[in-house]
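*Asks:* Supplied in structure tokens, the structure appears directly below.
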Amino acid sequence: MVNERIKLIQGDITKVNADAIVNAANTSLLGGGGVDGAIHRAGGKAILEECIQIRNRQGGCKTGEAVITTGGNLPAKYVIHTVGPVYNNGSKGEDGLLASAYLNSLKLAAENHLETIAFPNISTGIYHFPKTKAAAIAIKTVQDFLAENGTVKQVIFVCFDDENCGIYKGML
Ligand code: ADP
């Protein structure tokens, strides 16, 4: 049942038509490289303007937490910006922080009555989280959430690179 609500696609998350796509942002919320840069480029300035308002109100976004903005020019209605951990050696609470990034994004989607949400492979780019371990944490966190929550109907994992795609195919 739960796994029927999980979908895997390979490609560019800025093209995905979902109620919300998740951004692997940084604590400043001011944009960056990787998927963050791609989302701001494709979504236009309305997203950054809302990020700046949130930053002025609450000083950015802590690692493991999430905030929501418009989707601007994207096909997605909203962007949920979450901050995954930078991976050092795994002894700084990275696993728990990555799980929190997924969980808090899902909770925010449910609170906003969003039914479809697409995730990139948070922290596995510039933040160097080991990809297999990150995938296991992402999948487990999503499965546990979907088992308890009926608002979110579908979660889409959007893998960009072949390595992540292969790992997710093997695990799902
Ligand atoms: P982080 O800083 O959290 O590691 P990155 O953006 O560097 O964030 O990488 C996170 C993941 O996003 C990586 O697996 C990368 O391959 C992927 N990625 C990069 N661009 C896109 C995109 N346009 N759509 C989906 N995923 C992307």
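Residues in the structure tokens are named by chain (A, B, ... in the order shown) and by number from 1 within that chain; ligands are numbered from 1 in the order shown.
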When you look at range 89-98 of chain A with a cut-off of 9 Å (counting only C-alpha atoms), what residues show up, excluding the ones that are within fewer than 5 positions of it in the same chain? I need them as a list in words.
*Replies:*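 Counting only C-alpha atoms, the residues come to Thr63, Gly64, Glu65, Val83, Gly84, Leu103, Ile122, Ser123, Phe129, Lys133, Ala134, Ile137 and Ala138 of chain A.
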*Asks:* Can I get the residues of chain A within 6 Å of ligand 1, each with the closest pair of atoms and their distance in Å to one decimal, using only C-alpha atoms and all ligand atoms, sorted chain first then ascending number, as a tab-separated table?
*Replies:*
```
residue	atom	partner	partner_atom_place_in_ligand_line	distance
A:Asp12	CA	ligand 1	24 (N)	3.6
A:Ile13	CA	ligand 1	24 (N)	3.9
A:Thr14	CA	ligand 1	23 (N)	5.9
A:Ala24	CA	ligand 1	3 (O)	4.7
A:Gly34	CA	ligand 1	6 (O)	3.4
A:Val35	CA	ligand 1	20 (N)	3.7
A:Asp36	CA	ligand 1	6 (O)	5.6
A:Ala38	CA	ligand 1	23 (N)	5.3
A:Gly84	CA	ligand 1	3 (O)	5.5
A:Pro120	CA	ligand 1	26 (N)	4.8
A:Asn121	CA	ligand 1	11 (C)	4.5
A:Ile122	CA	ligand 1	3 (O)	4.4
A:Ser123	CA	ligand 1	3 (O)	3.1
A:Thr124	CA	ligand 1	4 (O)	4.3
A:Gly125	CA	ligand 1	9 (O)	3.3
A:Ile126	CA	ligand 1	7 (O)	3.8
A:Tyr127	CA	ligand 1	4 (O)	3.8
A:His128	CA	ligand 1	4 (O)	5.9
A:Val158	CA	ligand 1	25 (C)	5.9
A:Cys159	CA	ligand 1	26 (N)	5.8
A:Phe160	CA	ligand 1	26 (N)	4.5
A:Asp161	CA	ligand 1	16 (O)	5.0
```
*Asks:* List every residue of range 100-150 of chain A that has an atom at most 10 Å from any atom of range 68-78 of chain A, and for each one report the closest atom pair and its distance in Å to one decimal, counting only C-alpha atoms, with rows sorted by chain and then by increasing residue number, as CSV.
*Replies:*
```
residue,atom,partner,partner_atom,distance
A:Ser105,CA,A:Ile68,CA,8.7
A:Leu108,CA,A:Ile68,CA,7.5
A:Ala109,CA,A:Ile68,CA,8.6
A:Asn112,CA,A:Ile68,CA,9.2
A:Leu114,CA,A:Tyr78,CA,9.1
A:Thr116,CA,A:Ala76,CA,9.6
A:Ile117,CA,A:Ala76,CA,9.0
A:Ala118,CA,A:Ala76,CA,9.2
```
*Asks:* For the selection you just gave me, I'd like the residues written to a file as a tab-separated table (two decimals), in the first residue's frame, keeping C-alpha atoms.
*Replies:*
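And here's selection.tsv as it stands now:
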```tsv
chain	number	residue	atom	x	y	z
A	105	SER	CA	9.21	18.63	4.57
A	108	LEU	CA	4.82	20.92	6.04
A	109	ALA	CA	3.23	19.42	2.93
A	112	ASN	CA	-0.67	22.78	3.73
A	114	LEU	CA	-0.58	19.11	-0.40
A	116	THR	CA	1.94	15.20	-4.18
A	117	ILE	CA	5.49	16.07	-3.21
A	118	ALA	CA	8.74	15.49	-5.10
```
*Asks:* Find, counting only C-alpha atoms, the residue in A:Thr141, A:Thr132, A:Thr27, A:Asn104 that gets nearest to Val86 in chain A.
*Replies:*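 Closest residue, counting only C-alpha atoms: A:Thr27.
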*Asks:* Determine which residues of chain A receive a DSSP assignment of strand (DSSP E or B), computed from the backbone, and state them as a VMD selection string.
*Replies:* chain A and resid 6 to 10 20 to 24 66 to 70 78 to 82 116 to 119 154 to 159
*Asks:* Okay, now the selection with C-alpha atoms, as a short mmCIF file (atom, residue, chain, number, x, y, z; two decimals), in the first residue's frame?
*Replies:*
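Resulting contents of part.cif:
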```
data_model
loop_
_atom_site.label_atom_id
_atom_site.label_comp_id
_atom_site.auth_asym_id
_atom_site.auth_seq_id
_atom_site.Cartn_x
_atom_site.Cartn_y
_atom_site.Cartn_z
CA ILE A 6 6.04 6.12 -3.89
CA LYS A 7 7.27 6.82 -7.40
CA LEU A 8 10.79 7.03 -8.80
CA ILE A 9 11.75 9.14 -11.78
CA GLN A 10 15.06 10.26 -13.25
CA ALA A 20 5.32 20.83 -4.11
CA ILE A 21 8.91 20.13 -5.04
CA VAL A 22 11.52 20.10 -2.30
CA ASN A 23 14.66 22.18 -2.56
CA ALA A 24 17.95 21.06 -1.00
CA ALA A 66 11.84 23.24 6.33
CA VAL A 67 9.99 26.32 5.05
CA ILE A 68 7.52 26.79 2.19
CA THR A 69 7.27 29.37 -0.61
CA THR A 70 5.42 29.79 -3.87
CA TYR A 78 5.00 25.35 -4.00
CA VAL A 79 8.63 24.87 -3.13
CA ILE A 80 9.47 23.38 0.26
CA HIS A 81 13.00 24.45 1.14
CA THR A 82 14.79 22.13 3.53
CA THR A 116 1.94 15.20 -4.18
CA ILE A 117 5.49 16.07 -3.21
CA ALA A 118 8.74 15.49 -5.10
CA PHE A 119 12.14 15.15 -3.43
CA GLN A 154 2.14 10.46 -3.44
CA VAL A 155 5.86 10.99 -2.95
CA ILE A 156 8.10 11.18 -6.00
CA PHE A 157 11.83 10.61 -5.66
CA VAL A 158 13.52 12.53 -8.44
CA CYS A 159 16.99 11.16 -9.10
#
```
*Asks:* For His113 in chain A, list every protein, DNA or RNA residue within 8 Å, evaluated using only C-alpha atoms, and leave out those in the same chain fewer than 3 positions away; present the list as a list in words.
*Replies:* Ala109, Ala110, Thr151 and Val152 of chain A
*Asks:* Quick one: write out the picked residues with N, CA, C and O atoms as a CSV table (one decimal), in the first residue's frame?
*Replies:*
```
chain,number,residue,atom,x,y,z
A,109,ALA,N,4.1,19.7,4.0
A,109,ALA,CA,3.2,19.4,2.9
A,109,ALA,C,1.8,19.1,3.5
A,109,ALA,O,0.8,19.6,3.0
A,110,ALA,N,1.8,18.2,4.5
A,110,ALA,CA,0.5,17.8,5.0
A,110,ALA,C,-0.2,19.0,5.7
A,110,ALA,O,-1.4,19.1,5.4
A,151,THR,N,-2.9,12.5,4.2
A,151,THR,CA,-3.0,13.7,3.4
A,151,THR,C,-2.1,13.7,2.2
A,151,THR,O,-2.6,14.0,1.1
A,152,VAL,N,-0.9,13.3,2.4
A,152,VAL,CA,0.0,13.2,1.3
A,152,VAL,C,-0.2,11.9,0.6
A,152,VAL,O,-0.1,10.8,1.2
```
*Asks:* Using only C-alpha atoms, which of the listed residues (A:Met171, A:Val2, A:Val16, A:Ala136) sits closest to Gly43 in chain A?
*Replies:*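 Among the listed residues, A:Val16 lies closest to Gly43 in chain A.
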*Asks:* Select from range 15-169 of chain A everything DSSP, run on the backbone, classes as helix (DSSP H, G or I), then give the selection as an MDAnalysis selection string.
*Replies:* chainID A and resid 15 34:43 45:58 94:111 131:148 162:169
*Asks:* Figure out the distance between CA of Ser28 in chain A and CA of His40 in chain A, please, to one decimal in Å.
*Replies:*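 Separation of CA of His40 in chain A and CA of Ser28 in chain A: 13.8 Å.
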